[in-house]
Amino acid sequence: MVLTDGYGNLPGAWRAPHVDPGNYAKVEANIRYAQAAERGGFAFLFTPDFPAVRGDVEHSTISNIMDPLMETAAISQATSNIGFVLTGSTTFQEPFNTARQFKTLDIMSHGRAGWNAVTTSDPAVAANYGKPVADRAERYQRAHESIQIVQSLWGSWQKDAWINDQESGRFIDPSKLQPINLRGEHVASRGPLALPPSEQGQPVIFTSGGPSPHLLALAGRYASGFITEVWTIEEARAQRDALRNAAHEAGRDPDEIKFIVGLMTTVAPTVRDGLDRRIAIAGDVIEARLPHLSAMIGVQIQPQHIDKPLSSEQLAGAHASPMDPRSAIALRVAREGWSPRDVLAHGVIDYHPVTVGPGKVHADHMQEWFEAEAADGFWLAPDVYEDGVDAFVDEVVPILRERGLYPDGYVGSTLRENLGVPDQYGLGAWLS
């Protein structure tokens with residue numbers, strides 16, 4: 001499940017009547033959501049990070065938790081099994097700091113941490129670090145160097161280095177805590193990192209984004225999880241195949257990397273109830289998206305007709321725009337007889353597929369994608385955290401368990417165990 005702020009992933013969630021508008025600054029809110037997700041057996045919480053102010057902050061939220069590492073450190077002490085995948089930039093963070101911070105979280109959480117290693121190209125973020133935006137080749141070369149140095153630092157305290165013998169007075173075997181002395185073109189570190197292994201050894205590496213060759217090469221070489229945005233099964237299968245090919249080309253077993261797709265959820269007794277909830281919370285945002293919907297399906301829709309289903313003549317002339325993979329979804333929903341407002345409330349212009357309605361609707365979607373080999377897992381984006389997480393846990397998880405698609409409890413106590421990815425300490429064998 002993704003944690004973006006203290007509110008939810010539907011525009012206007014912060015204004016929902018049952019939501020505390022001050023939750024952005026209250027880690028207690030995110031602790032509640034994490035505990036609800038853990039009750040449902042979720043493998044991990046995912047925190048994107050955009051360390052700059054953007055968008056219409058006068059009327060919408062700042063879509064970050066305040067600081068992913070600090071808040072997650074607090075959440076880790078109030079949970080027992082759920083993992084934490086935090087975003088950290090390879091472009092603006094030094095490998096030693098990244099290695100130290102993430103391994104500390106891994107130790108604090110008893111082996112539940114993951115690092116979503118991303119390159120950063122946004123000028124607003126670059127300005128906050130006082131640096132120019134580097135070109136893509138440099139950013140990805142630095143990413144390769146950074147991940148190798150971080151993992152080498154994680155392994156620089158060998159697993160049996162810590163003697164802890166009070167009688168003899170030997171604390172550490174110094175031969176097993178040695179510098180790494182790695183230097184690349186962009187980053188370097190002497191080491192060692194004075195941190196012992198956690199219960200899972202070291203954090204799990206993730207990457208996130210789209211199917212660019214640079215990113216696939218990075219993910220195929222280092223990652224155990226790939227977090228992405230896709231809208232159709234066909235698109236997802238193609239991207240998953242490309243990822244698995246990249247892992248194979250890096251000398252790895254493709255099953256070692258999990259392809260995790262986004263899903264935005266509104267759980268309600270009926271589809272109509274769910275749409276009404278989304279309309280009430282999103283407010284004017286839906287009406288503002290009407291021109292976009294018109295362009296997606298090739299039909300001019302006047303604002304005064306937003307609550308009238310498209311006529312047979314309009315539907316006959318409608319076509320999905322080849323420029324937007326969401327267009328076919330929008331057209332399918334329109335052909336089901338929903339009004340343009342309801343089509344938009346179905347989330348056809350959101351960043352991920354959206355499921356609305358009772359538990360079966362969500363379970364059916366997830367089962368279809370999983371059985372089509374379009375996903376190894378899902379990162380959920382509930383509409384409103386305050387009640388949306390519990391609704392998914394109570395209404396959807398039991399159906400998935402009944403169908404044999406979801407474990408009855410946690411497989412183990414670490415993120416690696418619950419993801420089903422191999423052990424690793426230091427650089428992977430395919431990199432050493």
# chains A, B, ... in the order shown; residues from 1 in each chain; ligands from 1
$ residues_around --residues "Ala320 of chain A" --least-positions-apart "3" --cutoff "7 Å" --atoms "only C-alpha atoms" --output "list in words"
Met296, Ile297, Gly298, Ser327, Ala328 and Leu331 of chain A
$ residues_around --residues "Gly41 of chain A" --least-positions-apart "6" --cutoff "10 Å" --atoms "only C-alpha atoms" --output "ChimeraX atom specification"
/A:35,81-82,393,397,406-411,418
$ write_last_selection --atoms "all heavy atoms" --output "compact mmCIF listing (two decimals), in the first residue's frame"
# COMPACT_ATOMS: atom_id res chain seq x y z
N GLN A 35 -1.08 0.03 10.74
CA GLN A 35 -1.60 -1.06 11.56
C GLN A 35 -2.80 -1.73 10.90
O GLN A 35 -2.95 -2.95 10.96
CB GLN A 35 -1.96 -0.53 12.94
CG GLN A 35 -0.74 -0.16 13.78
CD GLN A 35 -1.10 0.56 15.07
OE1 GLN A 35 -2.17 1.19 15.18
NE2 GLN A 35 -0.22 0.49 16.06
N ASN A 81 5.11 -6.83 11.49
CA ASN A 81 5.33 -7.68 10.33
C ASN A 81 5.39 -6.96 9.00
O ASN A 81 6.08 -7.40 8.09
CB ASN A 81 4.22 -8.74 10.25
CG ASN A 81 4.26 -9.72 11.41
OD1 ASN A 81 5.14 -10.56 11.49
ND2 ASN A 81 3.31 -9.59 12.32
N ILE A 82 4.67 -5.88 8.87
CA ILE A 82 4.59 -5.21 7.58
C ILE A 82 5.93 -4.57 7.23
O ILE A 82 6.64 -4.07 8.10
CB ILE A 82 3.46 -4.15 7.58
CG1 ILE A 82 3.12 -3.73 6.15
CG2 ILE A 82 3.80 -2.95 8.45
CD1 ILE A 82 1.81 -2.97 6.05
N VAL A 393 -9.36 -4.28 3.80
CA VAL A 393 -8.97 -5.42 4.64
C VAL A 393 -10.19 -6.27 5.01
O VAL A 393 -10.13 -7.50 4.99
CB VAL A 393 -8.24 -4.91 5.91
CG1 VAL A 393 -8.08 -6.04 6.93
CG2 VAL A 393 -6.89 -4.31 5.53
N VAL A 397 -9.83 -8.65 1.28
CA VAL A 397 -8.85 -9.66 1.69
C VAL A 397 -9.51 -11.02 1.96
O VAL A 397 -8.98 -12.05 1.51
CB VAL A 397 -8.04 -9.17 2.90
CG1 VAL A 397 -7.23 -10.31 3.52
CG2 VAL A 397 -7.11 -8.03 2.49
N TYR A 406 -4.22 -15.43 -1.60
CA TYR A 406 -3.61 -14.54 -0.61
C TYR A 406 -3.36 -15.35 0.65
O TYR A 406 -4.23 -16.12 1.08
CB TYR A 406 -4.58 -13.39 -0.33
CG TYR A 406 -4.00 -12.19 0.38
CD1 TYR A 406 -3.23 -11.26 -0.32
CD2 TYR A 406 -4.23 -11.98 1.73
CE1 TYR A 406 -2.71 -10.14 0.32
CE2 TYR A 406 -3.73 -10.85 2.37
CZ TYR A 406 -2.96 -9.94 1.67
OH TYR A 406 -2.45 -8.84 2.30
N PRO A 407 -2.18 -15.24 1.25
CA PRO A 407 -1.89 -16.05 2.45
C PRO A 407 -2.76 -15.66 3.64
O PRO A 407 -3.20 -14.53 3.77
CB PRO A 407 -0.41 -15.75 2.71
CG PRO A 407 -0.16 -14.42 2.07
CD PRO A 407 -1.05 -14.37 0.87
N ASP A 408 -3.00 -16.62 4.51
CA ASP A 408 -3.81 -16.36 5.71
C ASP A 408 -3.06 -15.52 6.74
O ASP A 408 -3.68 -14.90 7.61
CB ASP A 408 -4.23 -17.69 6.35
CG ASP A 408 -5.28 -18.42 5.52
OD1 ASP A 408 -6.02 -17.74 4.80
OD2 ASP A 408 -5.33 -19.65 5.60
N GLY A 409 -1.76 -15.49 6.66
CA GLY A 409 -0.96 -14.69 7.58
C GLY A 409 0.39 -14.43 6.94
O GLY A 409 0.64 -14.80 5.78
N TYR A 410 1.27 -13.79 7.67
CA TYR A 410 2.59 -13.51 7.15
C TYR A 410 3.40 -14.79 7.04
O TYR A 410 3.41 -15.62 7.96
CB TYR A 410 3.30 -12.49 8.02
CG TYR A 410 2.79 -11.08 7.81
CD1 TYR A 410 1.83 -10.53 8.65
CD2 TYR A 410 3.24 -10.32 6.74
CE1 TYR A 410 1.35 -9.24 8.45
CE2 TYR A 410 2.77 -9.03 6.53
CZ TYR A 410 1.82 -8.50 7.38
OH TYR A 410 1.35 -7.23 7.16
N VAL A 411 4.10 -14.94 5.92
CA VAL A 411 4.93 -16.11 5.69
C VAL A 411 6.09 -16.11 6.67
O VAL A 411 6.51 -17.15 7.18
CB VAL A 411 5.44 -16.14 4.24
CG1 VAL A 411 6.43 -17.29 4.02
CG2 VAL A 411 4.26 -16.27 3.28
N ASN A 418 8.45 -12.34 3.16
CA ASN A 418 7.07 -12.08 2.74
C ASN A 418 6.95 -11.74 1.26
O ASN A 418 5.88 -11.93 0.67
CB ASN A 418 6.46 -10.98 3.62
CG ASN A 418 6.27 -11.44 5.04
OD1 ASN A 418 5.83 -12.57 5.29
ND2 ASN A 418 6.62 -10.61 6.01
$ residues_around --residues "segment 123-128 of chain A" --least-positions-apart "6" --cutoff "8 Å" --atoms "only C-alpha atoms" --output "list in words"
Phe50, Pro51, Ala52, Val53 and Phe92 of chain A
$ select_by_dssp --residues "segment 307-396 of chain A" --states "alpha helix (DSSP H)" --output "PyMOL selection string"
chain A and resi 312-317+327-335+340-345+359-371+385-395
$ closest_residue --among "A:Arg183, A:His214, A:Arg278, A:Arg32" --to "Val356 of chain A" --atoms "only C-alpha atoms"
A:Arg278
$ residues_around --residues "Asp387 of chain A" --least-positions-apart "6" --cutoff "10 Å" --atoms "only C-alpha atoms" --output "ChimeraX atom specification"
/A:8,18-19,33,36,266-267
$ residues_around --residues "Gln101 of chain A" --least-positions-apart "4" --cutoff "8 Å" --atoms "only C-alpha atoms" --output "MDAnalysis selection string"
chainID A and resid 69 97 105
$ atom_distance --atom1 "atom CA of Thr207 of chain A" --atom2 "atom CA of Phe42 of chain A"
19.0 Å
$ residues_around --residues "segment 340-350 of chain A" --least-positions-apart "4" --cutoff "10 Å" --atoms "only C-alpha atoms" --output "MDAnalysis selection string"
chainID A and resid 9:10 231 263:266 271:272 274:280 282 285:287 289:290 292:294 296 301:303 305:310 324 326:336 354:357
$ residues_around --residues "Asp135 of chain A" --least-positions-apart "6" --cutoff "12 Å" --atoms "only C-alpha atoms" --output "mmCIF file with N, CA and C atoms, in the first residue's frame"
data_model
loop_
_atom_site.group_PDB
_atom_site.id
_atom_site.type_symbol
_atom_site.label_atom_id
_atom_site.label_comp_id
_atom_site.auth_asym_id
_atom_site.auth_seq_id
_atom_site.Cartn_x
_atom_site.Cartn_y
_atom_site.Cartn_z
ATOM 1 N N THR A 91 20.522 10.260 -7.242
ATOM 2 C CA THR A 91 21.055 11.446 -7.898
ATOM 3 C C THR A 91 21.572 12.477 -6.900
ATOM 4 N N THR A 119 16.415 7.548 -9.823
ATOM 5 C CA THR A 119 17.133 8.724 -10.308
ATOM 6 C C THR A 119 16.165 9.899 -10.296
ATOM 7 N N THR A 120 16.680 11.099 -10.219
ATOM 8 C CA THR A 120 15.839 12.286 -10.107
ATOM 9 C C THR A 120 16.213 13.282 -11.189
ATOM 10 N N SER A 121 15.183 13.730 -11.934
ATOM 11 C CA SER A 121 15.447 14.666 -13.024
ATOM 12 C C SER A 121 14.615 15.930 -12.943
ATOM 13 N N ASP A 122 13.831 16.093 -11.887
ATOM 14 C CA ASP A 122 12.956 17.247 -11.802
ATOM 15 C C ASP A 122 13.736 18.504 -11.414
ATOM 16 N N PRO A 123 13.576 19.586 -12.156
ATOM 17 C CA PRO A 123 14.323 20.816 -11.853
ATOM 18 C C PRO A 123 14.012 21.385 -10.468
ATOM 19 N N GLN A 141 24.330 6.229 -14.767
ATOM 20 C CA GLN A 141 25.657 5.760 -14.398
ATOM 21 C C GLN A 141 25.892 5.965 -12.901
ATOM 22 N N ARG A 142 25.483 7.134 -12.402
ATOM 23 C CA ARG A 142 25.607 7.383 -10.964
ATOM 24 C C ARG A 142 24.752 6.400 -10.174
#
